[in-house]
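Inspection log for the structure reproduced underneath, given as structure tokens.
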Amino acid sequence: MPRIPVLFRCGAVLFAALCCGAAQAADPIVLGFVDGLSGSFANVGEAGLRHLQIAVEDVNARGGVLGGRKFEVLSFDTKSSAQEAQLVFKQAVDRGVRYIFQGNGSNVALALSEAVAKNNARDPGQAVLFMNFAAVDPALTNERCNFWHFRLDADSDMKMQAVTNYIARQPGVRKIYLINQDYSFGQSVARTARAMLLAKRPDIQVVGDDLHPMGKVKDFAPYVAKIKASGADTVITGNWGNDINLLVKAGRDAGLAVDYYTYYAGGFGAVSVLGEAGVNHTKQVTIWHPNIGGRGAAEHFQAYRKRFPEGREDLYYAAIRHGVELLAAAIERARSTEPLAVARALEGLRIDQDAGELYVRADNHQVIQPIFLSTLVKANGKDVRFDAEKTGFGFRTDARVEGRDTLLPTACKMQRP
Amino acid sequence: MTLSPFLRRLGLWGITALVMVVLPLLLRQGFALSMLSQMGIAVIFALSYNMLLGQTGMLSFGHAVYYGLGAYFSAHALNAIGAGKLGIPVTLLPLVGGVAGLSFGIVFGYVTTKRSGTPFAMISLGIAEMVAACALMFPGFFGGEGGIATNRQVGSAWLGITYGPQIQVYYLIAGWCLLSMIAMFALTHTPLGRMANAVRDNAERVRFVGYNPTRIRFMMLCLSTFFAGVAGGLGAINYELVTAENVGTVVSGNVLVMAFIGGVGHFFGPIIGAVLVSFLQSALSSYTQAWLLYFGLFFMVMVLFAPGGMASLIMIHAPVVRAKRMGTLALPYLVSGLLALVMLAGLVGLVEMIYFLETGAEVGKPLKLFGLALMPSTTGPWVGAMAVMLGGAAAFAWSLRLVRDAWARVHAYLQVQEGL
Amino acid sequence: MEFFVVQLLNSLSYGLLLFMLSSGLTLIFSMMGVLNFAHASFYMLGAYFAYQISRYVGFWPALAIAPLLVGALGAMTERFGLRTVHKYGHVAELLFTFGLFYLIEEVVHLVWGRAPVDYRIPQALDFAAFTIFSTSYPAYRVFMMGVSVAMLLGLFLLLTRTRIGTIIQASLTHPHMVEALGHDVPRIFMLVFGGGAALAGVAGVIGGNAFVTEPGMASAVGSIVFVVVVFGGMGSLAGAFVASLFFGAIQTYTVAMDYSLLDLAARLGMGIAADSPVRGLLSVSVAQTAPVLPYLLMVLMLIVRPTGLMGTRET
């Protein structure tokens with residue numbers, strides 16, 4: 001086996017020549033966008049990157065922070081894998097990134113959160129802050145919380161709190177069916193829904209609780225037949241991607257008349273596929289949608305369509321804008337760009353955004369903000385001014401749940417440096 | 001000057017070890033070090049895979065099962081060490097992974113090795129799918145979506161080694177990698193290793209001479225799962241996190257690709273494959289979004305034109321080098337290499353422009369490529385890239401004739417030499 | 001009763017769709033010995049082509065044109081790809097289709113994007129065909145079954161009533177003999193590969209709008225189709241047919257079974273402690289195992305009977 005050493009040496013030369021760029025100059029504040037930018041979920045990652053770009057451009061257009069320092073975005077591809085994420089995280093640190101944004105996949109978020117904590121403990125001079133804009137696993141702000149992680153979206157338990165508060169006031173809801181993907185998120189949605197319903201409306205019957213494999217079910221007709229046989233009037237599901245589209249479509253085909261309470265019926269591409277099939281009985285729970293009312297939401301939505309006319313998606317992640325605005329405010333408050341000082345300044349920080357005031361909870365670094373329940377209906381130019389993905393269908397607010405009503409006890413024991 | 005084969009081999013291993021020691025001292029950046037660690041793990045894993053495919057002729061679609069389960073057990077063991085319930089040093093943790101891989105190898109292998117050929121491949125695929133489905137269904141052991149997190153900095157430091165800094169982990173991986181390489185290489189020279197080759201080439205004859213091919217396949221599979229488990233254990237230490245993707249079909253497919261690109265016909269093939277594929281996957285992806293496409297094309301080109309992998313490409317030159325006839329080949333290689341680069345540049349230009357339009361992260365801004373600022377919304381760059389690609393392809397096709405002629409001359413020379 | 005009948009129809013329509021995919025694969029698999037990983041990619045291409053064509057000329061022409069295009073692509077794949085690697089052996093052929101699978105997925109990403117496309121069922125078929133008790137049954141599903149059955153009949157007639165069909169049947173079981181008799185086996189291979197791809201294309205055309213047309217649809221059905229073919233047996237179309245319907249039924253009916261081993265243990269009077277480590281394993285219901293079951297059955301089948309259900313030879 002004669003060639004190994006030669007090959008290793010070639011590798012070394014290649015490294016030196018190719019992959020190790022010099023550290024960036026310190027002047028702009030570099031935000032690293034670390035998410036899946038290739039493979040099946042690249043469209044979601046790309047959309048997130050555009051969201052970050054437009055939010056950063058807005059802050060820079062106002063003159064940046066600390067009297068003229070600008071933000072700059074660098075992107076890193078995690079390939080939607082937890083292990084790759086750890087690798088590119090090191091690359092980001094090498095290139096001088098001190099603030100990272102990530103959101104897609106709680107598995108990746110948990111891995112990054114751990115990697116950030118370890119990096120900061122082992123090398124405090126290169127501390128990094130992690131702004132999580134979409135990973136909703138409650139563990140991130142509970143058992144597995146850490147000082148350097150901030151969650152900008154509401155976690156899945158808080159969203160379920162909002163859903164069940166709303167359902168508790170609907171006398172028409174008698175029988176509920178839970179159908180979820182068989183992995184930790186789906187299982188936790190099912191568990192939390194059961195527990196919260198029992199506490200708030202003990203008269204509601206949970207007539208079914210299905211866990212199906214994630215992304216493997218081609219035909220949801222058998223599940224729909226089962227839901228129908230159970231006599232349910234309401235379905236709660238944490239399904240995302242095709243699993244929500246196929247479920248609702250199969251329900252429509254079989255004439256199933258139920259309301260769907262979902263987490264992700266408004267996700268990228270979902271409304272395009274659901275279309276007519278989902279109208280009037282598909283609800284979603286989110287921290288933002290374009291028709292929440294107020295000037296900010298409308299302006300931001302239109303600005304996004306104008307800035308990215310060829311983009312295939314609409315503004316969706318309000319959490320990314322919130323993250324950038326929070327960072328800017330915290331840097332001003334700390335008068336510093338040191339992650340440690342900024343993290344301290346973020347705790348308890350309050351800013352005004354589209355839906356009103358939001359603040360960072362100090363004991364677990366969760367952003368507290370209003371949560372909206374909305375139904376997919378035909379856009380009408382009045383309370384449903386904007387449609388989703390130019391389909392003619394948009395979301396109409398059913399209820400606004402204030403931030404204080406989504407406060408849940410936390411199991412986080414924050415270790416402060 | 002002739003050295004005995006033993007001394008020569010010893011020298012090669014010595015040089016390999018030296019390179020492994022020196023390499024990280026030249027590359028001090030965190031990312032490079034992480035990548036070297038990843039390569040070390042991939043080398044063990046790919047070699048263990050080749051014990052099946054290359055040496056015993058068993059095509060497996062589920063080798064990640066043993067890698068992943070080894071990693072999970074190692075992570076749990078590491079957590080137990082951290083909690084003071086288990087008293088083994090972290091240095092020896094890969095053994096836990098190896099034993100876990102071996103145990104599952106014995107259980108699954110007993111079932112799978114009853115068959116060979118296509119049925120074996122399909123059974124391995126079935127088992128891989130089942131284990132992957134279970135990994136998501138049972139969060140108790142597999143940790144659900146977040147996986148099992150762990151901390152390698154446990155126990156008291158021994159000679160200042162805490163495994164906190166990446167460099168220490170790298171040397172741990174390098175050490176295990178070297179040991180595993182030597183062990184697996186030695187195995188190819190044992191009677192078992194030789195009989196495995198015989199089973200690959202003609203199982204019926206093996207039966208005639210009194211061996212049981214099923215037994216040989218079973219033993220090779222068990223040994224191979226041990227090393228896969230060792231690789232998994234090192235993975236658990238390196239990433240300090242084990243997720244369900246580790247037992248998934250993507251990892252199984254990847255190790256097959258590594259072994260094949262490197263070349264399954266030679267012992268050192270998978271080493272090249274592991275290093276090259278790890279490097280391409282990390283480096284390409286930090287330069288271009290289209291890396292999956294480039295990688296797929298590269299793989300297809302290898303399958304179509306170099307089915308023996310990198311190793312066979314290198315080995316066909318061995319007699320030429322020995323006969324000191326590389327000079328004949330050098331110029332044609334240089335010419336067609338350069339022309340291939342021209343063709344590639346055109347192709348890259350086209351692909352990058354398509355991706356640029358498709359994802360459109362920066363609408364209205366030019367695409368920077370090879371120091372040029374292209375505007376994919378205009379036709380100019382498309383025509384240009386197409387011309388470069390087609391021109392390059394035509395010239396490259398012509399230049400292949402030069403290479404062929406040169407080879408013919410070399411062959412003639414070699415034949416004359418042999419004749420003497 | 002209502003539930004049972006509805007599920008029966010659901011299982012039939014799913015099983016027939018599976019058969020459209022597996023029939024082509026089993027022909028290719030048993031004739032050429034190639035585990036064609038890219039077979040499901042042709043299914044996906046069928047759906048995307050139909051989507052694109054139906055935007056210009058409507059669904060009905062697309063139903064004919066898209067499978068022909070896919071079939072042509074399949075034939076080209078055999079002629080310029082597989083035939084080249086054939087001499088390097090089965091592993092190289094398999095890896096070729098493996099690579100092709102990834103390339104096709106990446107090309108689909110590029111051309112049609114990563115999000116699902118809006119490929120709808122035609123207006124003319126978008127109504128409820130009939131109502132069983134209170135469940136309406138969509139006309140499109142009836143149409144799907146009709147197309148599958150028509151294809152099944154066509155295939156049967158082609159294989160039993162035509163000369164080329166006889167040769168194909170002979171090549172399934174005795175490929176060397178057919179070659180020895182002087183037939184142009186490579187040409188038959190090309191035809192069969194193209195034909196198999198076209199069948200997958202038809203499945204894509206009618207499955208793409210019934211479900212969702214998106215870049216992951218190939219990998220979602222890819223391995224299950226393998227399972228069907230292997231379970232049914234090499235070289236046996238009848239086996240593939242039985243296996244398709246069987247797996248259709250399994251996937252449909254197990255969904256309704258909420259029993260678990262834990263219930264069984266309780267029924268037998270065995271209490272399992274709440275903190276017992278095996279509790280998690282035992283509490284898995286039959287419904288949850290539905291997706292794993294085909295693989296388990298395949299593994300068991302191969303161990304007991306490596307030729308598969310109705311197959312005649314091993315490789």
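Labels for the structure tokens follow display order: chains A, B, ..., residues from 1 in each chain, ligands from 1.
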(message) Give me, as a PyMOL selection string, the residues of chain C touching chain B, with the criterion being at most 7 Å (counting only C-alpha atoms).
(response) chain C and resi 84-85+88+92+96+99+102-103+106+110+280+292+295-296+299+302+306+315
(request) Give as an MDAnalysis selection string every residue of chain C that touches chain A within 9 Å, counting only C-alpha atoms. (result) chainID C and resid 2:3 6:7 10:11 14 105:106 109 113:120 126:128 134:138 210:212 214:217 220:221 251:253 255:256 258 287:291
I need the contact residues of chain B against chain A, so if you could list those with any atom within 6 Å, counting only C-alpha atoms, and return them as a CSV table (one decimal) with C-alpha atoms, in the first residue's frame, that would help.
```csv
chain,number,residue,atom,x,y,z
B,16,THR,CA,2.1,6.9,7.3
B,30,GLY,CA,-9.9,24.5,13.9
B,31,PHE,CA,-11.8,23.5,10.7
B,136,LEU,CA,-36.7,7.7,15.5
B,137,MET,CA,-39.4,5.7,17.2
B,144,GLY,CA,-35.0,11.3,19.6
B,145,GLU,CA,-34.4,14.2,17.3
B,146,GLY,CA,-31.7,15.8,19.4
B,268,PHE,CA,-5.5,1.0,0.2
B,289,GLN,CA,-24.3,25.2,-3.6
```
(request) Can you pull out every residue within 10 Å of range 165-173 of chain B, counting only C-alpha atoms, but drop anything in the same chain fewer than 2 positions away, and send it as a PyMOL selection string? (result) (chain A and resi 119+122-123) or (chain B and resi 20-21+24-25+28+30-31+33-41+44+90-92+94+152-153+160-163+175-179+231+233-235+237-238)
File dump, residues just selected, C-alpha atoms, as a CSV table (one decimal), in the first residue's frame:
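Dumped everything to out-v8.csv:
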```csv
chain,number,residue,atom,x,y,z
A,119,ASN,CA,-16.6,26.3,22.2
A,122,ARG,CA,-12.9,26.0,26.0
A,123,ASP,CA,-12.0,29.2,24.2
B,20,MET,CA,-0.4,11.5,10.6
B,21,VAL,CA,1.7,13.1,13.4
B,24,PRO,CA,-1.9,18.8,12.2
B,25,LEU,CA,1.2,20.7,13.1
B,28,ARG,CA,-3.5,24.8,12.8
B,30,GLY,CA,-9.9,24.5,13.9
B,31,PHE,CA,-11.8,23.5,10.7
B,33,LEU,CA,-8.2,19.8,12.3
B,34,SER,CA,-11.9,18.8,12.5
B,35,MET,CA,-11.8,17.7,8.9
B,36,LEU,CA,-8.6,15.6,9.5
B,37,SER,CA,-10.4,13.9,12.5
B,38,GLN,CA,-13.4,13.2,10.3
B,39,MET,CA,-11.1,11.7,7.7
B,40,GLY,CA,-9.5,9.4,10.2
B,41,ILE,CA,-12.9,8.0,11.2
B,44,ILE,CA,-11.5,3.1,9.5
B,90,VAL,CA,-11.8,7.6,27.4
B,91,THR,CA,-8.8,6.4,25.3
B,92,LEU,CA,-10.2,2.9,25.3
B,94,PRO,CA,-13.7,3.0,20.9
B,152,ARG,CA,-15.6,13.7,26.3
B,153,GLN,CA,-13.9,15.8,29.0
B,160,GLY,CA,-2.3,16.3,30.7
B,161,ILE,CA,-4.6,14.6,28.3
B,162,THR,CA,-8.2,15.7,28.9
B,163,TYR,CA,-9.5,15.4,25.3
B,175,GLY,CA,-3.7,6.3,16.8
B,176,TRP,CA,-6.8,4.2,16.5
B,177,CYS,CA,-6.8,4.7,12.8
B,178,LEU,CA,-3.2,3.4,12.5
B,179,LEU,CA,-3.9,0.5,14.7
B,231,ALA,CA,-15.2,4.1,14.0
B,233,GLY,CA,-17.0,5.1,19.0
B,234,LEU,CA,-14.4,7.6,17.7
B,235,GLY,CA,-17.3,9.5,16.1
B,237,ILE,CA,-15.9,11.2,21.0
B,238,ASN,CA,-15.2,13.5,18.1
```
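Within range 81-232 of chain A, DSSP run on the backbone puts these residues in strand (DSSP E): Tyr99, Ile100, Phe101, Gln102, Leu129, Phe130, Met131, Asn132, His149, Phe150, Arg151, Lys175, Ile176, Tyr177, Leu178, Ile179, Asn180, Gln181, Gln205, Val206, Val207, Gly208, Asp209, Asp210, Leu211 and His212 of chain A.
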Selection from above, N, CA and C atoms, as a compact mmCIF listing (two decimals), in the first residue's frame, can you write it?
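Contents of selection_34.txt, as written:
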```txt
# COMPACT_ATOMS: atom_id res chain seq x y z
N TYR A 99 -21.70 35.75 15.74
CA TYR A 99 -23.15 35.60 15.92
C TYR A 99 -23.66 34.65 14.85
N ILE A 100 -24.31 33.56 15.25
CA ILE A 100 -24.84 32.66 14.23
C ILE A 100 -26.36 32.60 14.32
N PHE A 101 -26.98 32.45 13.15
CA PHE A 101 -28.42 32.27 13.02
C PHE A 101 -28.67 30.88 12.44
N GLN A 102 -29.54 30.14 13.08
CA GLN A 102 -29.91 28.82 12.56
C GLN A 102 -31.34 28.57 12.98
N LEU A 129 -22.52 33.75 19.93
CA LEU A 129 -23.92 33.76 20.33
C LEU A 129 -24.75 33.03 19.29
N PHE A 130 -25.74 32.29 19.74
CA PHE A 130 -26.57 31.49 18.84
C PHE A 130 -28.00 32.01 18.86
N MET A 131 -28.44 32.58 17.74
CA MET A 131 -29.82 33.06 17.62
C MET A 131 -30.60 32.01 16.85
N ASN A 132 -31.53 31.34 17.54
CA ASN A 132 -32.30 30.26 16.93
C ASN A 132 -33.65 30.81 16.50
N HIS A 149 -27.54 30.55 23.99
CA HIS A 149 -28.60 30.26 23.02
C HIS A 149 -29.83 31.14 23.30
N PHE A 150 -30.37 31.76 22.26
CA PHE A 150 -31.60 32.55 22.38
C PHE A 150 -32.61 32.05 21.37
N ARG A 151 -33.84 31.76 21.85
CA ARG A 151 -34.86 31.30 20.90
C ARG A 151 -35.81 32.43 20.57
N LYS A 175 -64.74 16.11 20.18
CA LYS A 175 -63.88 14.93 20.00
C LYS A 175 -62.65 15.34 19.19
N ILE A 176 -61.50 15.07 19.76
CA ILE A 176 -60.25 15.49 19.11
C ILE A 176 -59.42 14.27 18.71
N TYR A 177 -58.84 14.37 17.53
CA TYR A 177 -57.97 13.30 17.04
C TYR A 177 -56.55 13.87 16.92
N LEU A 178 -55.58 13.16 17.48
CA LEU A 178 -54.19 13.61 17.38
C LEU A 178 -53.47 12.74 16.36
N ILE A 179 -52.86 13.36 15.36
CA ILE A 179 -52.08 12.57 14.41
C ILE A 179 -50.76 13.28 14.19
N ASN A 180 -49.67 12.56 14.42
CA ASN A 180 -48.35 13.20 14.41
C ASN A 180 -47.30 12.28 13.85
N GLN A 181 -46.19 12.90 13.46
CA GLN A 181 -45.06 12.13 12.96
C GLN A 181 -44.37 11.43 14.13
N GLN A 205 -63.09 14.62 24.47
CA GLN A 205 -62.59 13.26 24.35
C GLN A 205 -61.45 13.24 23.33
N VAL A 206 -60.34 12.61 23.67
CA VAL A 206 -59.31 12.36 22.65
C VAL A 206 -59.62 11.00 22.05
N VAL A 207 -60.20 11.01 20.82
CA VAL A 207 -60.71 9.76 20.27
C VAL A 207 -59.67 9.01 19.46
N GLY A 208 -58.50 9.59 19.28
CA GLY A 208 -57.47 8.87 18.55
C GLY A 208 -56.13 9.55 18.76
N ASP A 209 -55.08 8.76 18.73
CA ASP A 209 -53.73 9.31 18.94
C ASP A 209 -52.79 8.49 18.07
N ASP A 210 -52.55 8.96 16.84
CA ASP A 210 -51.74 8.19 15.91
C ASP A 210 -50.36 8.79 15.75
N LEU A 211 -49.39 7.90 15.70
CA LEU A 211 -48.03 8.32 15.33
C LEU A 211 -47.69 7.58 14.05
N HIS A 212 -47.39 8.33 13.00
CA HIS A 212 -47.05 7.64 11.75
C HIS A 212 -45.61 8.00 11.39
```
(message) Residues within 12 Å of Arg325 in chain B, please, as an MDAnalysis selection string. Count only C-alpha atoms; anything in the same chain fewer than 5 positions from it doesn't count.
(response) chainID B and resid 317:320 330:331 406:407 409:414 417
Write the residues of the selection above to a file with N, CA and C atoms, as an mmCIF file, in the first residue's frame.
```cif
data_model
loop_
_atom_site.group_PDB
_atom_site.id
_atom_site.type_symbol
_atom_site.label_atom_id
_atom_site.label_comp_id
_atom_site.auth_asym_id
_atom_site.auth_seq_id
_atom_site.Cartn_x
_atom_site.Cartn_y
_atom_site.Cartn_z
ATOM 1 N N HIS B 317 -0.240 2.497 -13.305
ATOM 2 C CA HIS B 317 0.995 3.207 -13.603
ATOM 3 C C HIS B 317 2.214 2.598 -12.929
ATOM 4 N N ALA B 318 1.973 1.665 -12.029
ATOM 5 C CA ALA B 318 3.113 1.118 -11.284
ATOM 6 C C ALA B 318 4.166 0.492 -12.205
ATOM 7 N N PRO B 319 3.759 -0.382 -13.131
ATOM 8 C CA PRO B 319 4.803 -0.956 -14.001
ATOM 9 C C PRO B 319 5.475 0.106 -14.875
ATOM 10 N N VAL B 320 4.709 1.131 -15.245
ATOM 11 C CA VAL B 320 5.285 2.192 -16.077
ATOM 12 C C VAL B 320 6.359 2.937 -15.286
ATOM 13 N N ALA B 330 3.763 11.785 -19.810
ATOM 14 C CA ALA B 330 3.614 13.064 -19.121
ATOM 15 C C ALA B 330 2.980 14.137 -20.009
ATOM 16 N N LEU B 331 3.517 14.292 -21.233
ATOM 17 C CA LEU B 331 3.032 15.382 -22.083
ATOM 18 C C LEU B 331 1.565 15.182 -22.485
ATOM 19 N N ALA B 406 0.212 7.261 -26.672
ATOM 20 C CA ALA B 406 1.330 7.166 -25.732
ATOM 21 C C ALA B 406 1.263 5.851 -24.975
ATOM 22 N N TRP B 407 0.045 5.489 -24.576
ATOM 23 C CA TRP B 407 -0.108 4.227 -23.853
ATOM 24 C C TRP B 407 0.298 3.042 -24.735
ATOM 25 N N ARG B 409 2.471 3.020 -27.027
ATOM 26 C CA ARG B 409 3.937 2.948 -27.076
ATOM 27 C C ARG B 409 4.499 2.327 -25.796
ATOM 28 N N VAL B 410 3.938 2.803 -24.650
ATOM 29 C CA VAL B 410 4.416 2.274 -23.376
ATOM 30 C C VAL B 410 4.177 0.775 -23.295
ATOM 31 N N HIS B 411 2.990 0.361 -23.734
ATOM 32 C CA HIS B 411 2.657 -1.058 -23.698
ATOM 33 C C HIS B 411 3.640 -1.880 -24.517
ATOM 34 N N ALA B 412 3.874 -1.362 -25.716
ATOM 35 C CA ALA B 412 4.802 -2.067 -26.593
ATOM 36 C C ALA B 412 6.152 -2.228 -25.899
ATOM 37 N N TYR B 413 6.599 -1.144 -25.282
ATOM 38 C CA TYR B 413 7.888 -1.168 -24.598
ATOM 39 C C TYR B 413 7.883 -2.210 -23.482
ATOM 40 N N LEU B 414 6.803 -2.168 -22.683
ATOM 41 C CA LEU B 414 6.728 -3.084 -21.546
ATOM 42 C C LEU B 414 6.730 -4.529 -22.026
ATOM 43 N N GLN B 417 10.147 -5.545 -22.957
ATOM 44 C CA GLN B 417 10.904 -5.762 -21.721
ATOM 45 C C GLN B 417 10.629 -7.136 -21.133
#
```
(request) Considering only C-alpha atoms, state which residue in the set B:Gly327, B:Gly309, B:Gly109, B:Gly164 is at the smallest distance from Met219 in chain B. (result)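 Selected residue with least distance to Met219 in chain B: B:Gly109.
Of the residues in range 143-194 of chain A, those that DSSP places in alpha helix (DSSP H) on the basis of the backbone are Ser156, Asp157, Met158, Lys159, Met160, Gln161, Ala162, Val163, Thr164, Asn165, Tyr166, Ile167, Ala168, Ser184, Phe185, Gly186, Gln187, Ser188, Val189, Ala190, Arg191, Thr192, Ala193 and Arg194 of chain A.
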(request) For Ser156 in chain A, please output as a PyMOL selection string all residues within 7 Å (counting only C-alpha atoms; exclusion window: fewer than 2 positions along the same chain). (result) chain A and resi 136-138+154+158-160
(message) Which residues are close to range 286-295 of chain A, i.e. within 6 Å by only C-alpha atoms, leaving aside same-chain residues fewer than 3 positions away? Reply as a PyMOL selection string.
(response) chain A and resi 298+371-372+384
(message) If we count only C-alpha atoms and set the cut-off at 9 Å, which residues sit around range 385-396 of chain B, ignoring sequence neighbours fewer than 3 positions away in its own chain? Please answer as a ChimeraX atom specification.
(response) /B:335-350,380-382,399-400
